[in-house]
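Structure data follow from protein.cif (mmCIF, C-alpha atoms):
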data_my_file
loop_
_atom_site.label_atom_id
_atom_site.label_comp_id
_atom_site.auth_asym_id
_atom_site.auth_seq_id
_atom_site.Cartn_x
_atom_site.Cartn_y
_atom_site.Cartn_z
CA MET S 1 -4.95 -32.87 -17.03
CA LYS S 2 -8.14 -30.99 -16.44
CA LEU S 3 -10.07 -29.31 -13.66
CA PHE S 4 -12.81 -31.10 -11.75
CA ARG S 5 -15.23 -29.22 -9.51
CA ALA S 6 -15.62 -31.02 -6.20
CA ASP S 7 -17.89 -30.41 -3.20
CA LEU S 8 -17.00 -33.17 -0.75
CA HIS S 9 -19.32 -32.51 2.18
CA ILE S 10 -23.00 -33.18 1.49
CA HIS S 11 -25.57 -34.68 3.87
CA THR S 12 -28.52 -36.74 2.66
CA LEU S 13 -31.93 -37.02 4.29
CA LEU S 14 -30.52 -39.85 6.43
CA SER S 15 -28.72 -37.29 8.61
CA PRO S 16 -31.23 -36.03 11.19
CA CYS S 17 -30.30 -32.45 10.27
CA GLY S 18 -30.53 -33.13 6.51
CA GLU S 19 -33.75 -31.92 4.87
CA LEU S 20 -36.13 -34.58 3.53
CA SER S 21 -35.58 -33.06 0.08
CA MET S 22 -31.96 -34.34 0.20
CA SER S 23 -32.83 -37.59 -1.56
CA PRO S 24 -30.19 -39.23 -3.75
CA VAL S 25 -32.02 -38.18 -6.92
CA ASN S 26 -32.39 -34.54 -5.82
CA ILE S 27 -28.76 -34.32 -4.70
CA ILE S 28 -27.53 -35.65 -8.03
CA ASN S 29 -29.77 -33.32 -10.06
CA MET S 30 -28.67 -30.30 -8.09
CA ALA S 31 -24.98 -31.26 -8.27
CA ILE S 32 -25.22 -31.53 -12.04
CA ARG S 33 -27.09 -28.23 -12.27
CA LYS S 34 -24.29 -26.62 -10.22
CA LYS S 35 -21.75 -28.09 -12.69
CA LEU S 36 -20.04 -30.25 -10.09
CA ASP S 37 -17.96 -33.20 -11.31
CA ILE S 38 -17.36 -34.82 -7.92
CA ILE S 39 -19.43 -34.88 -4.72
CA GLY S 40 -18.75 -36.43 -1.32
CA ILE S 41 -21.63 -38.02 0.58
CA SER S 42 -20.94 -37.62 4.27
CA ASP S 43 -23.84 -38.29 6.62
CA HIS S 44 -23.36 -38.21 10.38
CA ASN S 45 -21.84 -41.53 11.46
CA THR S 46 -23.43 -43.57 8.68
CA THR S 47 -22.67 -44.57 5.10
CA ARG S 48 -26.02 -46.24 4.46
CA GLN S 49 -27.34 -43.81 1.82
CA SER S 50 -24.06 -43.20 0.02
CA SER S 51 -23.96 -46.31 -2.18
CA LEU S 52 -27.29 -45.53 -3.85
CA VAL S 53 -26.12 -41.98 -4.58
CA ARG S 54 -22.99 -43.39 -6.18
CA MET S 55 -24.89 -45.94 -8.25
CA LEU S 56 -27.40 -43.43 -9.60
CA ALA S 57 -24.77 -40.72 -10.17
CA GLU S 58 -22.49 -43.01 -12.15
CA LYS S 59 -25.07 -43.18 -14.96
CA LYS S 60 -24.97 -39.40 -15.22
CA GLY S 61 -21.21 -38.97 -15.21
CA LEU S 62 -21.03 -37.57 -11.68
CA PHE S 63 -18.33 -39.09 -9.47
CA VAL S 64 -19.28 -39.82 -5.86
CA LEU S 65 -16.95 -40.30 -2.91
CA ARG S 66 -18.66 -42.55 -0.38
CA GLY S 67 -18.09 -42.13 3.31
CA ALA S 68 -19.36 -40.35 6.37
CA GLU S 69 -18.82 -37.41 8.71
CA ILE S 70 -17.76 -39.09 11.92
CA THR S 71 -18.04 -37.55 15.38
CA THR S 72 -15.00 -38.78 17.32
CA ARG S 73 -14.90 -39.36 21.07
CA GLU S 74 -13.56 -35.79 21.44
CA GLU S 75 -16.61 -34.62 19.40
CA VAL S 76 -14.39 -33.60 16.50
CA HIS S 77 -16.15 -33.97 13.12
CA CYS S 78 -14.06 -35.74 10.47
CA LEU S 79 -14.78 -36.75 6.89
CA ALA S 80 -13.74 -40.25 5.82
CA PHE S 81 -14.08 -41.73 2.33
CA PHE S 82 -13.39 -45.20 0.96
CA GLU S 83 -13.02 -46.60 -2.52
CA ASP S 84 -14.57 -50.04 -2.62
CA ASN S 85 -17.75 -51.67 -1.47
CA ASP S 86 -16.17 -54.15 0.89
CA THR S 87 -14.36 -51.40 2.82
CA ILE S 88 -17.53 -49.29 3.04
CA LEU S 89 -19.38 -52.28 4.53
CA ARG S 90 -16.63 -52.94 7.07
CA PHE S 91 -16.52 -49.26 7.96
CA GLN S 92 -20.29 -49.32 8.51
CA GLU S 93 -19.80 -52.27 10.88
CA LEU S 94 -17.18 -50.24 12.77
CA LEU S 95 -19.61 -47.32 13.10
CA ASP S 96 -22.47 -49.59 14.19
CA GLU S 97 -20.24 -51.14 16.82
CA HIS S 98 -18.98 -47.83 18.24
CA LEU S 99 -22.07 -45.61 18.04
CA PRO S 100 -23.84 -45.73 21.42
CA ASN S 101 -27.23 -47.37 21.54
CA ILE S 102 -29.23 -44.22 22.29
CA PRO S 103 -32.49 -43.90 20.35
CA ASN S 104 -33.22 -40.90 18.13
CA ASN S 105 -36.20 -38.71 18.95
CA PRO S 106 -37.26 -37.44 15.50
CA LEU S 107 -39.28 -34.63 17.06
CA LEU S 108 -36.15 -33.22 18.68
CA PHE S 109 -33.42 -34.08 16.19
CA GLY S 110 -35.14 -34.88 12.87
CA ASP S 111 -35.93 -38.01 10.86
CA GLN S 112 -33.21 -40.51 10.00
CA ILE S 113 -34.48 -42.27 6.90
CA ALA S 114 -32.96 -43.67 3.74
CA VAL S 115 -34.88 -43.93 0.46
CA ASP S 116 -34.62 -45.79 -2.83
CA GLU S 117 -34.43 -44.19 -6.27
CA ASN S 118 -38.21 -43.77 -6.32
CA GLU S 119 -38.05 -42.02 -2.96
CA ASN S 120 -39.74 -44.82 -1.06
CA ILE S 121 -38.49 -45.16 2.50
CA ILE S 122 -36.36 -48.28 2.74
CA TYR S 123 -34.62 -47.81 6.09
CA THR S 124 -35.04 -45.96 9.38
CA GLU S 125 -32.01 -45.56 11.60
CA LYS S 126 -33.09 -45.93 15.22
CA LYS S 127 -29.88 -44.86 16.96
CA LEU S 128 -29.23 -41.12 17.23
CA LEU S 129 -26.65 -40.51 14.52
CA THR S 130 -25.25 -37.24 15.84
CA ASN S 131 -23.76 -38.81 18.97
CA ALA S 132 -20.03 -39.34 19.32
CA VAL S 133 -18.68 -42.76 18.33
CA ASN S 134 -16.37 -44.32 20.88
CA LEU S 135 -13.21 -43.88 18.82
CA SER S 136 -10.54 -41.24 19.37
CA LEU S 137 -9.44 -38.96 16.55
CA GLU S 138 -6.24 -40.98 16.17
CA GLU S 139 -8.02 -44.36 16.36
CA LEU S 140 -10.34 -43.26 13.57
CA GLU S 141 -7.45 -41.89 11.50
CA ALA S 142 -5.54 -45.17 11.91
CA TRP S 143 -8.54 -47.23 10.74
CA VAL S 144 -9.18 -44.98 7.75
CA HIS S 145 -5.57 -44.99 6.58
CA GLY S 146 -5.18 -48.68 7.41
CA ASN S 147 -7.96 -49.25 4.89
CA GLU S 148 -6.58 -46.86 2.25
CA GLY S 149 -9.23 -44.24 2.88
CA ILE S 150 -9.21 -40.44 2.83
CA PHE S 151 -9.26 -38.67 6.20
CA ILE S 152 -10.20 -34.97 6.49
CA PRO S 153 -11.01 -33.17 9.78
CA ALA S 154 -14.09 -31.06 8.98
CA HIS S 155 -14.82 -27.32 9.26
CA ILE S 156 -11.76 -26.63 11.39
CA ASP S 157 -12.57 -22.91 11.51
CA ARG S 158 -15.83 -23.47 13.36
CA MET S 159 -16.16 -22.97 17.10
CA LYS S 160 -18.02 -26.22 17.61
CA ASN S 161 -17.21 -29.83 16.74
CA SER S 162 -13.90 -28.90 15.16
CA LEU S 163 -10.29 -29.88 15.78
CA PHE S 164 -9.59 -26.46 17.25
CA SER S 165 -12.78 -26.05 19.30
CA GLN S 166 -12.49 -29.52 20.88
CA LEU S 167 -8.74 -29.95 21.22
CA GLY S 168 -7.54 -26.37 21.53
CA PHE S 169 -4.84 -26.63 18.88
CA LEU S 170 -3.55 -28.85 16.10
CA PRO S 171 -2.47 -32.23 17.56
CA GLU S 172 1.16 -33.08 16.94
CA ASN S 173 1.82 -35.46 14.01
CA LEU S 174 -1.81 -35.49 12.87
CA LYS S 175 -2.01 -37.57 9.70
CA ALA S 176 -4.70 -35.91 7.61
CA ASP S 177 -5.07 -35.95 3.81
CA ALA S 178 -6.49 -32.44 4.04
CA LEU S 179 -8.18 -30.07 6.46
CA GLU S 180 -11.58 -28.63 5.61
CA VAL S 181 -12.70 -25.05 6.26
CA SER S 182 -16.36 -24.05 6.19
CA LYS S 183 -18.03 -21.56 3.88
CA LYS S 184 -17.63 -18.92 6.58
CA SER S 185 -13.88 -18.99 6.02
CA SER S 186 -11.56 -19.73 3.12
CA PRO S 187 -8.31 -21.70 2.84
CA ASP S 188 -6.28 -18.47 2.41
CA LEU S 189 -8.01 -16.66 5.24
CA PHE S 190 -7.62 -19.59 7.63
CA MET S 191 -3.97 -20.12 6.71
CA LYS S 192 -3.24 -16.47 7.55
CA SER S 193 -4.62 -16.75 11.07
CA HIS S 194 -3.28 -20.30 11.64
CA PRO S 195 0.12 -20.62 9.92
CA GLU S 196 0.64 -23.97 11.70
CA VAL S 197 -1.71 -25.62 9.16
CA SER S 198 0.46 -24.61 6.19
CA ASN S 199 1.85 -28.16 5.88
CA TYR S 200 -1.63 -29.45 5.08
CA THR S 201 -3.81 -29.18 2.01
CA LEU S 202 -6.81 -27.01 2.81
CA ILE S 203 -10.14 -27.52 1.09
CA ILE S 204 -13.53 -25.84 1.35
CA ASN S 205 -16.92 -27.55 1.07
CA SER S 206 -20.56 -26.58 1.31
CA ASP S 207 -21.57 -28.90 4.21
CA SER S 208 -25.00 -28.96 2.56
CA HIS S 209 -28.14 -29.95 4.42
CA PHE S 210 -30.59 -28.70 1.75
CA PRO S 211 -30.40 -28.84 -2.07
CA GLU S 212 -29.83 -25.15 -2.85
CA SER S 213 -26.68 -25.21 -0.73
CA ILE S 214 -24.95 -27.87 -2.87
CA GLY S 215 -21.97 -26.43 -4.75
CA THR S 216 -22.06 -23.09 -2.92
CA ALA S 217 -18.47 -23.95 -1.98
CA TYR S 218 -16.23 -26.22 -4.02
CA ASN S 219 -12.62 -26.98 -4.96
CA ASN S 220 -11.00 -27.31 -8.35
CA PHE S 221 -9.07 -30.58 -8.53
CA LEU S 222 -6.44 -30.69 -11.29
CA MET S 223 -6.21 -34.37 -12.31
CA GLU S 224 -6.25 -36.81 -15.23
CA LYS S 225 -9.69 -38.20 -14.44
CA ALA S 226 -12.21 -38.48 -11.63
CA THR S 227 -11.15 -41.54 -9.65
CA PHE S 228 -10.49 -42.22 -5.98
CA LYS S 229 -6.73 -42.60 -6.55
CA GLU S 230 -6.52 -39.39 -8.59
CA ILE S 231 -8.35 -37.52 -5.81
CA GLN S 232 -5.88 -38.93 -3.26
CA MET S 233 -2.99 -37.71 -5.43
CA ALA S 234 -4.53 -34.25 -5.82
CA LEU S 235 -5.00 -33.92 -2.05
CA ALA S 236 -1.37 -34.98 -1.58
CA CYS S 237 -0.24 -32.60 -4.40
CA ILE S 238 1.80 -35.31 -6.11
CA ASN S 239 2.43 -36.38 -9.73
CA GLY S 240 1.33 -32.98 -10.98
CA ARG S 241 -2.12 -33.27 -9.38
CA LYS S 242 -3.26 -30.51 -7.07
CA ILE S 243 -6.09 -28.38 -5.75
CA CYS S 244 -6.30 -25.04 -7.54
CA MET H 1 -0.80 -30.42 49.79
CA LYS H 2 1.34 -32.43 47.37
CA THR H 3 -0.05 -34.38 44.43
CA SER H 4 1.13 -37.61 46.07
CA GLU H 5 -1.02 -36.98 49.15
CA ILE H 6 -4.09 -36.25 47.02
CA VAL H 7 -3.48 -39.53 45.19
CA ASN H 8 -3.49 -41.37 48.53
CA ARG H 9 -6.46 -39.58 50.05
CA LEU H 10 -8.66 -39.85 46.94
CA ASN H 11 -7.46 -43.33 46.07
CA LEU H 12 -6.42 -42.40 42.51
CA ASP H 13 -4.61 -44.74 40.14
CA ILE H 14 -1.29 -43.40 38.82
CA ILE H 15 -1.22 -44.14 35.08
CA ALA H 16 1.83 -42.05 34.13
CA GLY H 17 4.08 -39.22 35.28
CA GLY H 18 4.85 -40.78 38.67
CA ASN H 19 8.04 -38.71 38.88
CA GLY H 20 6.09 -35.46 39.09
CA MET H 21 4.17 -36.17 42.29
CA GLN H 22 5.99 -33.83 44.68
CA ARG H 23 4.53 -30.54 43.48
CA ASP H 24 2.29 -28.40 45.66
CA VAL H 25 -1.30 -28.41 44.46
CA THR H 26 -2.60 -24.82 44.45
CA GLY H 27 -6.23 -25.73 43.76
CA GLY H 28 -8.40 -27.50 41.24
CA TYR H 29 -9.81 -26.72 37.82
CA VAL H 30 -12.67 -28.58 36.13
CA SER H 31 -13.28 -28.30 32.37
CA ASP H 32 -13.39 -30.45 29.24
CA LEU H 33 -12.71 -27.61 26.82
CA LEU H 34 -8.98 -27.31 26.32
CA SER H 35 -9.15 -23.68 25.23
CA ASP H 36 -10.94 -22.88 28.51
CA VAL H 37 -8.24 -24.59 30.55
CA ILE H 38 -5.56 -22.72 28.61
CA GLY H 39 -7.37 -19.49 29.37
CA HIS H 40 -8.34 -19.97 32.99
CA ALA H 41 -6.51 -22.70 34.93
CA ALA H 42 -3.85 -21.44 37.34
CA GLU H 43 -0.31 -22.71 37.83
CA GLY H 44 -0.19 -25.69 40.19
CA ASN H 45 -3.88 -26.55 39.76
CA ILE H 46 -4.87 -30.18 39.46
CA TRP H 47 -7.17 -30.60 36.44
CA ILE H 48 -10.25 -32.83 36.36
CA THR H 49 -11.47 -33.82 32.87
CA LEU H 50 -12.98 -36.58 30.76
CA GLN H 51 -10.68 -35.76 27.82
CA THR H 52 -8.05 -38.44 27.14
CA HIS H 53 -6.47 -37.03 23.97
CA GLN H 54 -2.71 -36.28 23.94
CA ASN H 55 -3.40 -32.54 23.64
CA ILE H 56 -4.27 -32.48 27.38
CA VAL H 57 -0.58 -33.08 28.16
CA ALA H 58 0.52 -30.03 26.21
CA VAL H 59 -2.11 -27.96 28.03
CA ALA H 60 -0.99 -29.24 31.45
CA SER H 61 2.61 -28.57 30.54
CA LEU H 62 1.90 -25.06 29.24
CA LYS H 63 -0.09 -24.11 32.34
CA GLU H 64 2.32 -25.91 34.70
CA LEU H 65 -0.51 -27.89 36.25
CA SER H 66 0.25 -30.29 39.09
CA GLY H 67 -1.64 -33.21 37.56
CA ILE H 68 -4.54 -34.44 35.47
CA ILE H 69 -7.38 -36.55 36.88
CA ILE H 70 -9.30 -38.54 34.25
CA VAL H 71 -12.84 -39.38 35.39
CA LYS H 72 -15.19 -42.36 34.97
CA GLY H 73 -12.42 -44.94 34.61
CA SER H 74 -11.67 -43.99 30.99
CA THR H 75 -8.49 -45.36 29.47
CA PRO H 76 -6.17 -42.55 28.33
CA ASP H 77 -4.83 -42.74 24.77
CA ALA H 78 -1.39 -44.38 24.42
CA ASP H 79 0.22 -41.11 23.24
CA THR H 80 -1.17 -39.33 26.30
CA ILE H 81 0.46 -41.83 28.66
CA LYS H 82 3.77 -41.62 26.80
CA ARG H 83 3.87 -37.83 26.87
CA CYS H 84 2.91 -37.62 30.55
CA ASN H 85 5.84 -39.88 31.36
CA GLU H 86 8.16 -37.76 29.22
CA GLU H 87 7.02 -34.51 30.82
CA ASN H 88 6.56 -35.84 34.39
CA ILE H 89 2.94 -34.78 34.57
CA PRO H 90 0.95 -37.06 36.90
CA LEU H 91 -1.84 -38.72 34.94
CA LEU H 92 -4.35 -39.98 37.48
CA LEU H 93 -7.45 -42.09 37.14
CA THR H 94 -10.66 -42.33 39.15
CA ASP H 95 -13.80 -44.40 38.65
CA PHE H 96 -15.88 -41.51 40.05
CA ASP H 97 -17.65 -39.06 37.75
CA THR H 98 -16.69 -35.39 37.62
CA PHE H 99 -19.27 -34.27 40.20
CA ARG H 100 -18.16 -36.78 42.81
CA ILE H 101 -14.40 -36.45 42.43
CA THR H 102 -14.64 -32.66 42.34
CA GLY H 103 -16.59 -32.71 45.60
CA GLU H 104 -14.03 -34.98 47.22
CA LEU H 105 -11.15 -32.79 46.05
CA TYR H 106 -12.91 -29.64 47.18
CA ASN H 107 -13.40 -31.07 50.68
CA LEU H 108 -9.76 -32.07 50.80
CA LEU H 109 -8.25 -28.79 49.60
CA LEU H 110 -10.63 -26.06 50.72
CA LYS H 111 -12.71 -27.19 53.68
#

Do you think you could lay out the structure here as structure tokens?
Amino acid sequence: MKLFRADLHIHTLLSPCGELSMSPVNIINMAIRKKLDIIGISDHNTTRQSSLVRMLAEKKGLFVLRGAEITTREEVHCLAFFEDNDTILRFQELLDEHLPNIPNNPLLFGDQIAVDENENIIYTEKKLLTNAVNLSLEELEAWVHGNEGIFIPAHIDRMKNSLFSQLGFLPENLKADALEVSKKSSPDLFMKSHPEVSNYTLIINSDSHFPESIGTAYNNFLMEKATFKEIQMALACINGRKIC
Amino acid sequence: MKTSEIVNRLNLDIIAGGNGMQRDVTGGYVSDLLSDVIGHAAEGNIWITLQTHQNIVAVASLKELSGIIIVKGSTPDADTIKRCNEENIPLLLTDFDTFRITGELYNLLLK
């Protein structure tokens, strides 16, 4: 077993709040410079830039979890990741179906573009990506786990768009693979003030919107190798895998 | 005024918690932030919200509210309905938005 450095919450330039410098190539270069082994690509309510990041990163030995940061009906932000292409495509269809048809105003919210490996614009998302999708926290969780994905409520320490800010307290029987705290907190610190989360694995990520932020928070995954299944085992702390 | 009378006068649909309709309604509280309701709603208040998540039942139970009115015809989550039935908290539905139903309730209770 060995340790893998993982920062699982990174936005690309497709997120309206992501800087234009967050192209797949720049993200990968910065992740490697920061000695990360695993990154998660989690744009707001879209997976459309994540597959190119994965494809380009593979050649450089960087493992990429593909998914999104979803805004649920309660306006709780949650990370979701999937292993295979077919599931990512079906998840994208789910998001397209449930994201309201309200156009983005780039002047107010930022550009929503995807690029190719030469940084040519190949796609512009017209719908405002930061809206809530019409799925409850539990409906989203059920879809993710029904499709063997990873489900992680994001930045639960924050006073906006978090489990605690939107729902007051931890919902009973919440099935999460982990809970994420932001850089402003730490797993230990959060656990001390909220002992009710002690049954969950806590992780910390950078929630990067610009390149220099990548890897400024990360987790050490103790595993055999960097694969989706190994990451699932480490989050579940089973078969000797764990987060250190 | 009892919850049951408010249901009749405002033409609300009873989705769950029909056994808890005989409480006296002490007033209303309007908020979609659960932490705010926990902090500021008073015992016996009827609560108007667009939240449908099961956590609203725990809040209503904790604060001993007389009922929850869900606005804009939203369908409450299945767990929310189940827990309202278990805890006898009236879960009520209106097609009106928050502004309209709050005005109607205000006229009924305070004018």

Per-residue nearest contacts of chain S to chain H (9 Å; all atoms listed in the file) as a Markdown table:
| residue | atom | partner | partner_atom | distance |
| --- | --- | --- | --- | --- |
| S:Arg73 | CA | H:Gln51 | CA | 8.7 |
| S:Glu74 | CA | H:Gln51 | CA | 7.0 |
| S:Ser136 | CA | H:His53 | CA | 7.4 |
| S:Leu137 | CA | H:His53 | CA | 8.2 |
| S:Glu138 | CA | H:His53 | CA | 8.7 |
| S:Phe164 | CA | H:Ser35 | CA | 8.5 |
| S:Ser165 | CA | H:Ser35 | CA | 7.3 |
| S:Gln166 | CA | H:Leu33 | CA | 6.2 |
| S:Leu167 | CA | H:Leu34 | CA | 5.7 |
| S:Gly168 | CA | H:Ser35 | CA | 4.8 |
| S:Phe169 | CA | H:Asn55 | CA | 7.7 |
| S:Leu170 | CA | H:Asn55 | CA | 8.4 |
| S:Pro171 | CA | H:Asn55 | CA | 6.2 |
| S:Glu172 | CA | H:Asn55 | CA | 8.1 |

Can you spit out the residues from that selection as a PDB file, keeping the file's coordinate frame, using C-alpha atoms?
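And here is the file that came out, out_0.pdb:
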ATOM      1  CA  ARG S  73     -14.900 -39.360  21.070  1.00  0.00           C
ATOM      2  CA  GLU S  74     -13.560 -35.790  21.440  1.00  0.00           C
ATOM      3  CA  SER S 136     -10.540 -41.240  19.370  1.00  0.00           C
ATOM      4  CA  LEU S 137      -9.440 -38.960  16.550  1.00  0.00           C
ATOM      5  CA  GLU S 138      -6.240 -40.980  16.170  1.00  0.00           C
ATOM      6  CA  PHE S 164      -9.590 -26.460  17.250  1.00  0.00           C
ATOM      7  CA  SER S 165     -12.780 -26.050  19.300  1.00  0.00           C
ATOM      8  CA  GLN S 166     -12.490 -29.520  20.880  1.00  0.00           C
ATOM      9  CA  LEU S 167      -8.740 -29.950  21.220  1.00  0.00           C
ATOM     10  CA  GLY S 168      -7.540 -26.370  21.530  1.00  0.00           C
ATOM     11  CA  PHE S 169      -4.840 -26.630  18.880  1.00  0.00           C
ATOM     12  CA  LEU S 170      -3.550 -28.850  16.100  1.00  0.00           C
ATOM     13  CA  PRO S 171      -2.470 -32.230  17.560  1.00  0.00           C
ATOM     14  CA  GLU S 172       1.160 -33.080  16.940  1.00  0.00           C
TER      15      GLU S 172
END

Notebook entry, point to check: What lies within 12 Å of range 3-5 of chain H using only C-alpha atoms, ignoring chain neighbours under 4 positions off, as a ChimeraX atom specification?
Noted result: /H:9-14,17-28,44-47,65-69,89-92,105,108-109

Next item on the list: Go ahead and find all residues with at least one atom no further than 10 Å from (-16.0, -45.4, 1.7) in the file's coordinates, using all atoms listed in the file; report them as an NGL selection string.
Entry: :S and (40-42 or 47 or 50-51 or 64-68 or 80-92 or 144 or 147-150 or 228)

Notebook entry, point to check: Applied to this file, what does the PyMOL selection byres ((chain S and resi 217-221) around 10) return in terms of residues, put as a PyMOL selection string?
Noted result: chain S and resi 1-9+36-39+182-184+186+202-208+213-216+222-226+230-231+233-235+237+241-244

Using C-alpha atoms, can you export the residues from the last selection as a PDB file, in the frame of the given file?
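Wrote it out as again-v6.pdb, contents follow:
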ATOM      1  CA  MET S   1      -4.950 -32.870 -17.030  1.00  0.00           C
ATOM      2  CA  LYS S   2      -8.140 -30.990 -16.440  1.00  0.00           C
ATOM      3  CA  LEU S   3     -10.070 -29.310 -13.660  1.00  0.00           C
ATOM      4  CA  PHE S   4     -12.810 -31.100 -11.750  1.00  0.00           C
ATOM      5  CA  ARG S   5     -15.230 -29.220  -9.510  1.00  0.00           C
ATOM      6  CA  ALA S   6     -15.620 -31.020  -6.200  1.00  0.00           C
ATOM      7  CA  ASP S   7     -17.890 -30.410  -3.200  1.00  0.00           C
ATOM      8  CA  LEU S   8     -17.000 -33.170  -0.750  1.00  0.00           C
ATOM      9  CA  HIS S   9     -19.320 -32.510   2.180  1.00  0.00           C
ATOM     10  CA  LEU S  36     -20.040 -30.250 -10.090  1.00  0.00           C
ATOM     11  CA  ASP S  37     -17.960 -33.200 -11.310  1.00  0.00           C
ATOM     12  CA  ILE S  38     -17.360 -34.820  -7.920  1.00  0.00           C
ATOM     13  CA  ILE S  39     -19.430 -34.880  -4.720  1.00  0.00           C
ATOM     14  CA  SER S 182     -16.360 -24.050   6.190  1.00  0.00           C
ATOM     15  CA  LYS S 183     -18.030 -21.560   3.880  1.00  0.00           C
ATOM     16  CA  LYS S 184     -17.630 -18.920   6.580  1.00  0.00           C
ATOM     17  CA  SER S 186     -11.560 -19.730   3.120  1.00  0.00           C
ATOM     18  CA  LEU S 202      -6.810 -27.010   2.810  1.00  0.00           C
ATOM     19  CA  ILE S 203     -10.140 -27.520   1.090  1.00  0.00           C
ATOM     20  CA  ILE S 204     -13.530 -25.840   1.350  1.00  0.00           C
ATOM     21  CA  ASN S 205     -16.920 -27.550   1.070  1.00  0.00           C
ATOM     22  CA  SER S 206     -20.560 -26.580   1.310  1.00  0.00           C
ATOM     23  CA  ASP S 207     -21.570 -28.900   4.210  1.00  0.00           C
ATOM     24  CA  SER S 208     -25.000 -28.960   2.560  1.00  0.00           C
ATOM     25  CA  SER S 213     -26.680 -25.210  -0.730  1.00  0.00           C
ATOM     26  CA  ILE S 214     -24.950 -27.870  -2.870  1.00  0.00           C
ATOM     27  CA  GLY S 215     -21.970 -26.430  -4.750  1.00  0.00           C
ATOM     28  CA  THR S 216     -22.060 -23.090  -2.920  1.00  0.00           C
ATOM     29  CA  LEU S 222      -6.440 -30.690 -11.290  1.00  0.00           C
ATOM     30  CA  MET S 223      -6.210 -34.370 -12.310  1.00  0.00           C
ATOM     31  CA  GLU S 224      -6.250 -36.810 -15.230  1.00  0.00           C
ATOM     32  CA  LYS S 225      -9.690 -38.200 -14.440  1.00  0.00           C
ATOM     33  CA  ALA S 226     -12.210 -38.480 -11.630  1.00  0.00           C
ATOM     34  CA  GLU S 230      -6.520 -39.390  -8.590  1.00  0.00           C
ATOM     35  CA  ILE S 231      -8.350 -37.520  -5.810  1.00  0.00           C
ATOM     36  CA  MET S 233      -2.990 -37.710  -5.430  1.00  0.00           C
ATOM     37  CA  ALA S 234      -4.530 -34.250  -5.820  1.00  0.00           C
ATOM     38  CA  LEU S 235      -5.000 -33.920  -2.050  1.00  0.00           C
ATOM     39  CA  CYS S 237      -0.240 -32.600  -4.400  1.00  0.00           C
ATOM     40  CA  ARG S 241      -2.120 -33.270  -9.380  1.00  0.00           C
ATOM     41  CA  LYS S 242      -3.260 -30.510  -7.070  1.00  0.00           C
ATOM     42  CA  ILE S 243      -6.090 -28.380  -5.750  1.00  0.00           C
ATOM     43  CA  CYS S 244      -6.300 -25.040  -7.540  1.00  0.00           C
TER      44      CYS S 244
END

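The spacing separating CA of Pro76 in chain H from CA of Leu135 in chain S amounts to 11.9 Å.
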
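For the residues H:Lys111, H:Lys82, H:Lys72, H:His40, ranking by smallest atom-to-atom distance to Asp97 in chain H using all atoms listed in the file places H:Lys72 first.
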
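The residue that comes closest to Ile101 in chain H, out of H:Ile81, H:Leu62, H:Val71, H:Ala42 and on the basis of only C-alpha atoms, is H:Val71.
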
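Take CA of Glu19 in chain S and CA of Ala132 in chain S: the distance between them is 21.3 Å.
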
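Going from CA of Ile102 in chain S to CA of Ser15 in chain S covers 15.3 Å.
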
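Ranking S:Asn120, S:Thr130, S:Asn105, S:Thr72 by their shortest atom-to-atom distance to Pro153 in chain S, with only C-alpha atoms included, puts S:Thr72 first.
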
Next item on the list: Find the residues around Glu119 in chain S up to 8 Å (all atoms listed in the file counted), leave out those fewer than 3 positions away in its own chain, and share them as a count of residues only.
Entry: 3

Margin query: the PyMOL selection byres ((chain S and resi 109) around 12) - which residues does that actually catch in the file I just gave you? List them as a PyMOL selection string.
Written below: chain S and resi 14-19+103-108+110-112+126-131

Next item on the list: Run the PyMOL selection byres ((chain H and resi 73) around 7) against the file shown and list the residues it catches, as JSON, numbers by chain.
Entry: {"H": [71, 72, 74, 75, 93, 94, 95]}
